[in-house]
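**Q** Okay, so here is entry_6.tsv, and as you'll see once you scroll down, it has TSV, C-alpha atoms and all ligand atoms.
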chain	number	residue	atom	x	y	z
A	146	MET	CA	79.16	105.04	87.52
A	147	GLN	CA	77.29	101.74	87.62
A	148	LYS	CA	79.97	99.44	86.20
A	149	LEU	CA	83.63	99.08	87.11
A	150	ILE	CA	85.98	97.09	84.89
A	151	VAL	CA	88.86	95.63	86.89
A	152	LEU	CA	91.92	94.41	84.98
A	153	GLY	CA	93.71	91.72	86.98
A	154	ALA	CA	92.39	88.93	89.16
A	155	GLY	CA	95.15	88.36	91.71
A	156	GLY	CA	95.46	89.22	95.39
A	157	HIS	CA	95.66	92.97	94.86
A	158	ALA	CA	92.57	92.86	92.64
A	159	SER	CA	90.56	91.34	95.49
A	160	VAL	CA	91.51	94.32	97.70
A	161	VAL	CA	90.50	96.78	94.97
A	162	ILE	CA	87.18	94.95	94.43
A	163	ASP	CA	86.39	95.03	98.18
A	164	ALA	CA	87.16	98.76	98.28
A	165	ALA	CA	85.08	99.52	95.18
A	166	GLN	CA	82.09	97.63	96.58
A	167	ALA	CA	82.43	99.53	99.88
A	168	ALA	CA	82.80	102.89	98.10
A	169	TRP	CA	80.01	102.37	95.54
A	170	PRO	CA	77.38	99.98	96.96
A	171	GLY	CA	75.61	98.15	94.13
A	172	VAL	CA	78.35	98.76	91.54
A	173	GLU	CA	78.59	95.99	88.94
A	174	ILE	CA	82.17	94.75	88.78
A	175	LEU	CA	83.51	93.07	85.63
A	176	VAL	CA	86.87	91.36	86.06
A	177	PHE	CA	89.26	90.64	83.17
A	178	ASP	CA	92.58	88.82	83.28
A	179	GLU	CA	94.79	87.68	80.41
A	180	ALA	CA	95.87	84.49	82.20
A	181	PRO	CA	93.42	83.81	85.03
A	182	LYS	CA	94.45	81.14	87.54
A	183	THR	CA	90.86	80.54	88.64
A	184	ASP	CA	87.46	81.24	87.08
A	185	ARG	CA	86.15	83.40	89.96
A	186	ILE	CA	87.39	86.07	92.34
A	187	LEU	CA	85.34	86.89	95.46
A	188	GLY	CA	82.44	85.12	93.76
A	189	LEU	CA	82.68	87.23	90.59
A	190	PRO	CA	83.32	85.54	87.23
A	191	ILE	CA	86.67	86.31	85.55
A	192	SER	CA	86.67	86.93	81.78
A	193	GLN	CA	89.83	85.92	79.94
A	194	GLY	CA	91.48	88.65	77.85
A	195	ARG	CA	90.83	92.39	77.68
A	196	PRO	CA	87.50	94.24	77.59
A	197	ASP	CA	86.20	95.41	74.21
A	198	PRO	CA	85.48	99.17	74.38
A	199	GLU	CA	82.65	98.68	71.86
A	200	ASN	CA	80.70	96.85	74.58
A	201	PHE	CA	80.85	99.65	77.17
A	202	ASP	CA	79.49	103.17	77.54
A	203	ASN	CA	81.71	105.72	79.31
A	204	ALA	CA	78.63	107.36	80.81
A	205	THR	CA	78.09	104.29	82.98
A	206	THR	CA	81.44	102.48	83.02
A	207	GLN	CA	84.91	103.20	84.38
A	208	ALA	CA	87.99	100.99	84.48
A	209	ILE	CA	91.03	100.43	86.69
A	210	VAL	CA	94.10	98.19	86.55
A	211	ALA	CA	94.39	96.21	89.80
A	212	ILE	CA	97.87	94.69	89.39
A	213	GLY	CA	100.67	95.32	91.89
A	214	ASN	CA	103.55	95.21	89.36
A	215	ASN	CA	104.24	98.87	88.53
A	216	GLN	CA	105.37	98.31	84.94
A	217	VAL	CA	102.44	96.05	84.05
A	218	ARG	CA	99.99	98.47	85.72
A	219	ALA	CA	101.47	101.39	83.76
A	220	THR	CA	101.30	99.54	80.44
A	221	LEU	CA	97.72	98.32	80.91
A	222	THR	CA	96.53	101.70	82.18
A	223	GLN	CA	97.93	103.28	79.01
A	224	TRP	CA	96.14	100.60	76.97
A	225	LEU	CA	92.82	101.38	78.71
A	226	GLU	CA	93.27	105.08	77.93
A	227	ASN	CA	94.23	104.44	74.31
A	228	ALA	CA	91.22	102.14	73.91
A	229	GLY	CA	88.98	104.99	75.07
A	230	PHE	CA	87.98	103.76	78.52
A	231	LYS	CA	87.34	106.24	81.32
A	232	LEU	CA	89.75	105.56	84.19
A	233	ALA	CA	88.38	105.12	87.71
A	234	THR	CA	89.99	106.27	90.94
A	235	VAL	CA	89.01	103.84	93.71
A	236	ILE	CA	89.24	105.16	97.28
A	237	HIS	CA	88.20	102.98	100.20
A	238	PRO	CA	85.67	104.84	102.37
A	239	THR	CA	87.87	104.55	105.48
A	240	ALA	CA	90.80	106.36	103.80
A	241	TRP	CA	91.34	110.06	104.55
A	242	VAL	CA	92.09	112.25	101.56
A	243	SER	CA	92.52	115.96	102.29
A	244	PRO	CA	90.27	118.21	100.22
A	245	SER	CA	93.44	120.03	99.12
A	246	ALA	CA	95.15	116.82	97.93
A	247	SER	CA	94.85	115.58	94.34
A	248	ILE	CA	94.80	112.05	92.95
A	249	GLU	CA	95.02	111.37	89.21
A	250	GLN	CA	92.88	108.82	87.41
A	251	GLY	CA	93.51	105.10	87.64
A	252	SER	CA	94.90	105.23	91.19
A	253	PHE	CA	93.80	103.15	94.17
A	254	VAL	CA	93.75	104.27	97.83
A	255	SER	CA	93.27	101.39	100.25
A	256	ALA	CA	91.58	101.20	103.66
A	257	ARG	CA	92.88	103.53	106.41
A	258	ALA	CA	95.41	105.23	104.15
A	259	VAL	CA	95.96	108.94	104.85
A	260	ILE	CA	96.75	111.51	102.15
A	261	ASN	CA	97.27	114.85	103.82
A	262	ALA	CA	97.08	118.49	102.75
A	263	ARG	CA	98.28	119.48	99.25
A	264	ALA	CA	99.75	116.03	98.52
A	265	LYS	CA	99.71	115.15	94.81
A	266	ILE	CA	99.33	111.54	93.67
A	267	GLY	CA	99.95	110.69	90.00
A	268	ALA	CA	97.97	108.35	87.76
A	269	ALA	CA	97.83	104.57	88.29
A	270	CYS	CA	99.41	104.71	91.77
A	271	ILE	CA	98.63	102.42	94.69
A	272	ILE	CA	98.48	104.01	98.14
A	273	ASN	CA	98.11	100.77	100.01
A	274	THR	CA	96.49	99.86	103.31
A	275	ALA	CA	97.25	102.27	106.19
A	276	ALA	CA	100.02	104.07	104.27
A	277	VAL	CA	100.61	107.69	105.26
A	278	VAL	CA	101.37	110.33	102.63
A	279	GLU	CA	102.02	113.51	104.56
A	280	HIS	CA	101.37	117.12	103.56
A	281	ASP	CA	102.95	118.42	100.34
A	282	CYS	CA	104.25	115.04	99.16
A	283	MET	CA	104.42	114.51	95.39
A	284	ILE	CA	104.19	111.01	93.92
A	285	LYS	CA	104.61	110.48	90.18
A	286	LYS	CA	102.62	107.96	88.12
A	287	SER	CA	102.51	104.16	88.51
A	288	THR	CA	104.19	104.11	91.92
A	289	HIS	CA	103.27	101.83	94.83
A	290	ILE	CA	103.34	102.98	98.45
A	291	CYS	CA	103.01	99.63	100.26
A	292	PRO	CA	100.99	98.94	103.43
A	293	SER	CA	101.87	101.07	106.48
A	294	ALA	CA	104.71	102.93	104.73
A	295	THR	CA	105.07	106.54	105.89
A	296	LEU	CA	106.16	109.45	103.72
A	297	ALA	CA	106.90	112.46	105.95
A	298	GLY	CA	106.15	116.00	104.80
A	299	ALA	CA	107.09	117.17	101.28
A	300	VAL	CA	108.68	113.88	100.18
A	301	LYS	CA	108.97	113.40	96.39
A	302	ILE	CA	108.72	109.94	94.83
A	303	GLY	CA	109.33	109.22	91.13
A	304	SER	CA	107.37	107.00	88.77
A	305	GLN	CA	107.29	103.18	88.89
A	306	THR	CA	108.94	103.22	92.31
A	307	THR	CA	107.92	100.91	95.18
A	308	VAL	CA	108.17	102.03	98.80
A	309	GLY	CA	108.12	98.76	100.79
A	310	ALA	CA	105.74	97.90	103.59
A	311	ASN	CA	106.28	99.72	106.89
A	312	SER	CA	109.20	101.79	105.57
A	313	THR	CA	109.72	105.45	106.48
A	314	ILE	CA	110.91	108.30	104.27
A	315	ARG	CA	112.26	111.37	106.05
A	316	GLU	CA	110.72	114.75	105.29
A	317	LEU	CA	111.88	116.62	102.17
A	318	VAL	CA	113.68	113.56	100.75
A	319	SER	CA	113.40	112.80	97.00
A	320	ILE	CA	113.42	109.28	95.57
A	321	ALA	CA	113.82	108.95	91.79
A	322	ASP	CA	112.03	106.74	89.21
A	323	ASN	CA	112.30	102.91	89.10
A	324	ILE	CA	113.49	102.39	92.67
A	325	THR	CA	112.50	99.69	95.15
A	326	ILE	CA	112.75	100.42	98.87
A	327	GLY	CA	112.74	97.23	100.97
A	328	ALA	CA	110.16	96.53	103.64
A	329	GLY	CA	110.86	98.16	107.01
A	330	SER	CA	113.55	100.48	105.62
A	331	VAL	CA	114.37	104.08	106.54
A	332	VAL	CA	115.39	106.61	103.87
A	333	ILE	CA	117.11	109.75	105.17
A	334	ARG	CA	118.93	111.00	102.03
A	335	ASN	CA	117.84	111.55	98.42
A	336	ILE	CA	118.08	108.50	96.14
A	337	THR	CA	118.85	109.38	92.52
A	338	GLU	CA	120.10	106.10	90.99
A	339	ALA	CA	117.58	103.42	89.97
A	340	GLY	CA	117.94	100.18	91.96
A	341	THR	CA	116.92	98.35	95.13
A	342	TYR	CA	117.68	99.81	98.55
A	343	ALA	CA	117.00	98.41	102.03
A	344	GLY	CA	117.92	98.73	105.68
A	345	CYS	CA	118.09	101.50	108.27
A	346	PRO	CA	119.34	103.78	106.89
A	347	VAL	CA	119.01	102.25	103.42
A	348	LYS	CA	121.95	100.96	101.40
A	349	GLN	CA	121.81	99.83	97.77
A	350	LEU	CA	121.54	96.01	97.52
B	1	LIG	C1	114.20	94.65	99.20
B	1	LIG	C2	113.63	93.46	98.48
B	1	LIG	C3	112.92	93.90	97.19
B	1	LIG	C4	114.82	92.57	98.12
B	1	LIG	O1	114.38	91.40	97.56
B	1	LIG	P1	115.46	90.41	96.87
B	1	LIG	O2	116.12	91.15	95.74
B	1	LIG	O3	114.75	89.14	96.57
B	1	LIG	O4	116.57	90.27	97.98
B	1	LIG	P2	116.94	89.01	98.93
B	1	LIG	O5	115.76	88.53	99.70
B	1	LIG	O6	117.69	88.01	98.07
B	1	LIG	O7	117.96	89.69	99.94
B	1	LIG	C5	119.19	90.23	99.50
B	1	LIG	C6	119.88	90.84	100.72
B	1	LIG	O8	119.16	92.00	101.13
B	1	LIG	C7	118.72	91.84	102.49
B	1	LIG	N1	117.35	92.38	102.54
B	1	LIG	C8	116.30	92.04	101.77
B	1	LIG	N2	115.22	92.73	102.11
B	1	LIG	C9	115.58	93.55	103.11
B	1	LIG	C10	114.89	94.51	103.87
B	1	LIG	N3	113.60	94.77	103.63
B	1	LIG	N4	115.56	95.17	104.83
B	1	LIG	C11	116.87	94.91	105.07
B	1	LIG	N5	117.58	94.01	104.37
B	1	LIG	C12	116.95	93.33	103.40
B	1	LIG	C13	118.75	90.35	102.75
B	1	LIG	O9	118.92	90.09	104.13
B	1	LIG	C14	119.94	89.91	101.92
B	1	LIG	O10	121.09	90.24	102.61
B	1	LIG	P3	122.41	89.27	102.55
B	1	LIG	O11	122.85	89.25	101.11
B	1	LIG	O12	123.38	89.94	103.46
B	1	LIG	O13	121.96	87.93	103.02
B	1	LIG	C15	112.59	92.67	99.35
B	1	LIG	O14	113.24	91.93	100.38
B	1	LIG	C16	111.56	93.60	99.99
B	1	LIG	O15	111.71	94.10	101.12
B	1	LIG	N6	110.47	93.83	99.23
B	1	LIG	C17	109.36	94.69	99.66
B	1	LIG	C18	108.23	93.78	100.13
B	1	LIG	C19	106.99	94.57	100.43
B	1	LIG	O16	107.01	95.59	101.07
B	1	LIG	N7	105.87	94.05	99.93
B	1	LIG	C20	104.60	94.71	100.11
B	1	LIG	C21	103.69	94.32	98.99
B	1	LIG	S1	102.09	94.94	99.21
What do you get writing this file as structure tokens?
Ligand SMILES: CC(C)(COP(=O)(O)OP(=O)(O)OC[C@H]1O[C@@H](n2cnc3c(N)ncnc32)[C@H](O)[C@@H]1OP(=O)(O)O)[C@@H](O)C(=O)NCCC(=O)NCCS

**A**
Amino acid sequence: MQKLIVLGAGGHASVVIDAAQAAWPGVEILVFDEAPKTDRILGLPISQGRPDPENFDNATTQAIVAIGNNQVRATLTQWLENAGFKLATVIHPTAWVSPSASIEQGSFVSARAVINARAKIGAACIINTAAVVEHDCMIKKSTHICPSATLAGAVKIGSQTTVGANSTIRELVSIADNITIGAGSVVIRNITEAGTYAGCPVKQL
């Protein structure tokens, strides 16, 4: 890959751009945003709108959605796929990903994150800075594990769920789709009903 298309030009996009430049020195990064608030991000120009697949060659170009909102990231990742773009997986070089773990396309793994043995990460996920995904965890698509959150062994997380910063999920616990876990929370039982949960142990807000 010589070119990386980044959809989104907010704070999270700047983290993804830094990681991509560290992972692939010399990569040309092209940033697109439908409603940019500035004209540059980290010195790179921002193009308004979406990229035209006619202008790119999949042999040299991949694309990723760098937007923290799970629903928006899911929708735009689907659009990229439907438009024929090849999805990138961006992994910061200081992250540890076990050779037996798997990460589907369109996901981002930030600096110092750890993804241990046999863990499975779905498409368009964010494993954010210093998050720990222990052995045998399974995370479905478009989910965000926020900075320094820890999933103990064999935890299951549904799609479009957010595990807040610095929260802890006990081993073997399952958390369903469309759930938000507040920052600094502790989850010790399965959560099956969509909603927002916080505290230690968590309660539904
Ligand atoms: C849980 C969360 C989504 C709730 O946000 P919200 O709906 O705006 O809720 P509010 O701030 O209005 O708080 C509602 C109640 O929940 C409590 N609460 C909120 N977040 C909490 C948390 N993380 N832990 C414990 N209690 C929390 C508040 O104290 C308040 O309690 P009260 O009604 O008794 O006063 C949010 O606080 C949070 O933790 N988000 C995750 C942030 C994060 O990790 N970001 C990382 C991005 S990379």

**Q** List the residues sitting within 12 Å of (83.3, 100.5, 72.9) in the file's frame, using all atoms listed in the file, as a PyMOL selection string.

**A** chain A and resi 196-207+225+227-231

**Q** For atom N4 of ligand LIG 1 (chain B) and CA of Ile336 (chain A), determine how far apart the two atoms are, in Å to one decimal place.

**A** 16.1 Å

**Q** Counting all atoms listed in the file, name the residues that have an atom within 9 Å of an atom of ligand LIG 1 (chain B); the answer should be given as a PDB file with C-alpha atoms, in the frame of the given file.

**A**
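Resulting contents of part-v5.pdb:
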ATOM      1  CA  HIS A 157      95.660  92.970  94.860  1.00  0.00           C
ATOM      2  CA  GLY A 213     100.670  95.320  91.890  1.00  0.00           C
ATOM      3  CA  ASN A 273      98.110 100.770 100.010  1.00  0.00           C
ATOM      4  CA  THR A 274      96.490  99.860 103.310  1.00  0.00           C
ATOM      5  CA  HIS A 289     103.270 101.830  94.830  1.00  0.00           C
ATOM      6  CA  ILE A 290     103.340 102.980  98.450  1.00  0.00           C
ATOM      7  CA  CYS A 291     103.010  99.630 100.260  1.00  0.00           C
ATOM      8  CA  PRO A 292     100.990  98.940 103.430  1.00  0.00           C
ATOM      9  CA  ALA A 294     104.710 102.930 104.730  1.00  0.00           C
ATOM     10  CA  THR A 307     107.920 100.910  95.180  1.00  0.00           C
ATOM     11  CA  VAL A 308     108.170 102.030  98.800  1.00  0.00           C
ATOM     12  CA  GLY A 309     108.120  98.760 100.790  1.00  0.00           C
ATOM     13  CA  ALA A 310     105.740  97.900 103.590  1.00  0.00           C
ATOM     14  CA  ASN A 311     106.280  99.720 106.890  1.00  0.00           C
ATOM     15  CA  SER A 312     109.200 101.790 105.570  1.00  0.00           C
ATOM     16  CA  THR A 325     112.500  99.690  95.150  1.00  0.00           C
ATOM     17  CA  ILE A 326     112.750 100.420  98.870  1.00  0.00           C
ATOM     18  CA  GLY A 327     112.740  97.230 100.970  1.00  0.00           C
ATOM     19  CA  ALA A 328     110.160  96.530 103.640  1.00  0.00           C
ATOM     20  CA  GLY A 329     110.860  98.160 107.010  1.00  0.00           C
ATOM     21  CA  SER A 330     113.550 100.480 105.620  1.00  0.00           C
ATOM     22  CA  THR A 341     116.920  98.350  95.130  1.00  0.00           C
ATOM     23  CA  TYR A 342     117.680  99.810  98.550  1.00  0.00           C
ATOM     24  CA  ALA A 343     117.000  98.410 102.030  1.00  0.00           C
ATOM     25  CA  GLY A 344     117.920  98.730 105.680  1.00  0.00           C
ATOM     26  CA  CYS A 345     118.090 101.500 108.270  1.00  0.00           C
ATOM     27  CA  VAL A 347     119.010 102.250 103.420  1.00  0.00           C
ATOM     28  CA  LYS A 348     121.950 100.960 101.400  1.00  0.00           C
ATOM     29  CA  GLN A 349     121.810  99.830  97.770  1.00  0.00           C
ATOM     30  CA  LEU A 350     121.540  96.010  97.520  1.00  0.00           C
TER      31      LEU A 350
END

**Q** Could you check the closest approach to Ile260 (chain A) for each of A:Ile248, A:Val242, A:Val318, A:Ile272 and tell me which residue wins, using only C-alpha atoms?

**A** A:Val242

**Q** In the coordinates of the file, take the point (99.1, 103.7, 82.2) and a cut-off of 12 Å; then, counting only C-alpha atoms, name each qualifying protein, DNA or RNA residue as a PyMOL selection string.

**A** chain A and resi 208-212+214-228+230+232+249-252+267-270+285-288+304-305

**Q** Do a neighbour search on region 180-186 of chain A at 10 Å with only C-alpha atoms, toss out local chain neighbours closer than 2 positions, and write the hits as a list of chain:residue names.

**A** A:Gly153, A:Ala154, A:Gly155, A:Gly156, A:Ala158, A:Ser159, A:Ile162, A:Val176, A:Phe177, A:Asp178, A:Gly188, A:Leu189, A:Pro190, A:Ile191, A:Ser192, A:Gln193, A:Gly194

**Q** Generate N, CA and C atoms for region 280-305 of chain A and emit them as a PDB file, keeping the file's coordinate frame.

**A**
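Writing the result to selection10.pdb gives the following:
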ATOM      1  N   HIS A 280     101.637 115.861 104.277  1.00  0.00           N
ATOM      2  CA  HIS A 280     101.370 117.120 103.560  1.00  0.00           C
ATOM      3  C   HIS A 280     102.464 117.424 102.535  1.00  0.00           C
ATOM      4  N   ASP A 281     102.059 117.914 101.402  1.00  0.00           N
ATOM      5  CA  ASP A 281     102.950 118.420 100.340  1.00  0.00           C
ATOM      6  C   ASP A 281     103.813 117.356  99.663  1.00  0.00           C
ATOM      7  N   CYS A 282     103.521 116.082  99.896  1.00  0.00           N
ATOM      8  CA  CYS A 282     104.250 115.040  99.160  1.00  0.00           C
ATOM      9  C   CYS A 282     103.836 115.059  97.698  1.00  0.00           C
ATOM     10  N   MET A 283     104.739 114.630  96.816  1.00  0.00           N
ATOM     11  CA  MET A 283     104.420 114.510  95.390  1.00  0.00           C
ATOM     12  C   MET A 283     104.853 113.123  94.922  1.00  0.00           C
ATOM     13  N   ILE A 284     103.907 112.370  94.382  1.00  0.00           N
ATOM     14  CA  ILE A 284     104.190 111.010  93.920  1.00  0.00           C
ATOM     15  C   ILE A 284     103.869 110.949  92.434  1.00  0.00           C
ATOM     16  N   LYS A 285     104.856 110.558  91.625  1.00  0.00           N
ATOM     17  CA  LYS A 285     104.610 110.480  90.180  1.00  0.00           C
ATOM     18  C   LYS A 285     103.856 109.191  89.836  1.00  0.00           C
ATOM     19  N   LYS A 286     103.552 109.026  88.524  1.00  0.00           N
ATOM     20  CA  LYS A 286     102.620 107.960  88.120  1.00  0.00           C
ATOM     21  C   LYS A 286     103.174 106.543  88.298  1.00  0.00           C
ATOM     22  N   SER A 287     102.241 105.609  88.467  1.00  0.00           N
ATOM     23  CA  SER A 287     102.510 104.160  88.510  1.00  0.00           C
ATOM     24  C   SER A 287     103.459 103.754  89.625  1.00  0.00           C
ATOM     25  N   THR A 288     103.367 104.432  90.748  1.00  0.00           N
ATOM     26  CA  THR A 288     104.190 104.110  91.920  1.00  0.00           C
ATOM     27  C   THR A 288     103.344 103.430  92.976  1.00  0.00           C
ATOM     28  N   HIS A 289     103.981 102.588  93.794  1.00  0.00           N
ATOM     29  CA  HIS A 289     103.270 101.830  94.830  1.00  0.00           C
ATOM     30  C   HIS A 289     103.828 102.177  96.205  1.00  0.00           C
ATOM     31  N   ILE A 290     102.982 102.746  97.043  1.00  0.00           N
ATOM     32  CA  ILE A 290     103.340 102.980  98.450  1.00  0.00           C
ATOM     33  C   ILE A 290     102.691 101.826  99.212  1.00  0.00           C
ATOM     34  N   CYS A 291     103.524 100.893  99.703  1.00  0.00           N
ATOM     35  CA  CYS A 291     103.010  99.630 100.260  1.00  0.00           C
ATOM     36  C   CYS A 291     102.385  99.840 101.642  1.00  0.00           C
ATOM     37  N   PRO A 292     101.716  98.791 102.165  1.00  0.00           N
ATOM     38  CA  PRO A 292     100.990  98.940 103.430  1.00  0.00           C
ATOM     39  C   PRO A 292     101.858  99.509 104.570  1.00  0.00           C
ATOM     40  N   SER A 293     101.288 100.459 105.280  1.00  0.00           N
ATOM     41  CA  SER A 293     101.870 101.070 106.480  1.00  0.00           C
ATOM     42  C   SER A 293     103.173 101.828 106.237  1.00  0.00           C
ATOM     43  N   ALA A 294     103.547 102.064 104.991  1.00  0.00           N
ATOM     44  CA  ALA A 294     104.710 102.930 104.730  1.00  0.00           C
ATOM     45  C   ALA A 294     104.328 104.363 105.086  1.00  0.00           C
ATOM     46  N   THR A 295     105.324 105.140 105.517  1.00  0.00           N
ATOM     47  CA  THR A 295     105.070 106.540 105.890  1.00  0.00           C
ATOM     48  C   THR A 295     105.982 107.464 105.112  1.00  0.00           C
ATOM     49  N   LEU A 296     105.407 108.380 104.369  1.00  0.00           N
ATOM     50  CA  LEU A 296     106.160 109.450 103.720  1.00  0.00           C
ATOM     51  C   LEU A 296     105.951 110.700 104.563  1.00  0.00           C
ATOM     52  N   ALA A 297     107.029 111.229 105.163  1.00  0.00           N
ATOM     53  CA  ALA A 297     106.900 112.460 105.950  1.00  0.00           C
ATOM     54  C   ALA A 297     106.687 113.647 105.004  1.00  0.00           C
ATOM     55  N   GLY A 298     106.578 114.841 105.585  1.00  0.00           N
ATOM     56  CA  GLY A 298     106.150 116.000 104.800  1.00  0.00           C
ATOM     57  C   GLY A 298     107.046 116.290 103.601  1.00  0.00           C
ATOM     58  N   ALA A 299     106.414 116.659 102.487  1.00  0.00           N
ATOM     59  CA  ALA A 299     107.090 117.170 101.280  1.00  0.00           C
ATOM     60  C   ALA A 299     108.088 116.195 100.674  1.00  0.00           C
ATOM     61  N   VAL A 300     107.854 114.899 100.853  1.00  0.00           N
ATOM     62  CA  VAL A 300     108.680 113.880 100.180  1.00  0.00           C
ATOM     63  C   VAL A 300     108.271 113.825  98.709  1.00  0.00           C
ATOM     64  N   LYS A 301     109.264 113.577  97.820  1.00  0.00           N
ATOM     65  CA  LYS A 301     108.970 113.400  96.390  1.00  0.00           C
ATOM     66  C   LYS A 301     109.359 111.990  95.979  1.00  0.00           C
ATOM     67  N   ILE A 302     108.453 111.311  95.298  1.00  0.00           N
ATOM     68  CA  ILE A 302     108.720 109.940  94.830  1.00  0.00           C
ATOM     69  C   ILE A 302     108.492 109.914  93.325  1.00  0.00           C
ATOM     70  N   GLY A 303     109.424 109.291  92.592  1.00  0.00           N
ATOM     71  CA  GLY A 303     109.330 109.220  91.130  1.00  0.00           C
ATOM     72  C   GLY A 303     108.315 108.203  90.662  1.00  0.00           C
ATOM     73  N   SER A 304     108.342 107.928  89.348  1.00  0.00           N
ATOM     74  CA  SER A 304     107.370 107.000  88.770  1.00  0.00           C
ATOM     75  C   SER A 304     107.914 105.570  88.814  1.00  0.00           C
ATOM     76  N   GLN A 305     106.995 104.626  88.842  1.00  0.00           N
ATOM     77  CA  GLN A 305     107.290 103.180  88.890  1.00  0.00           C
ATOM     78  C   GLN A 305     108.283 102.830  89.996  1.00  0.00           C
TER      79      GLN A 305
END
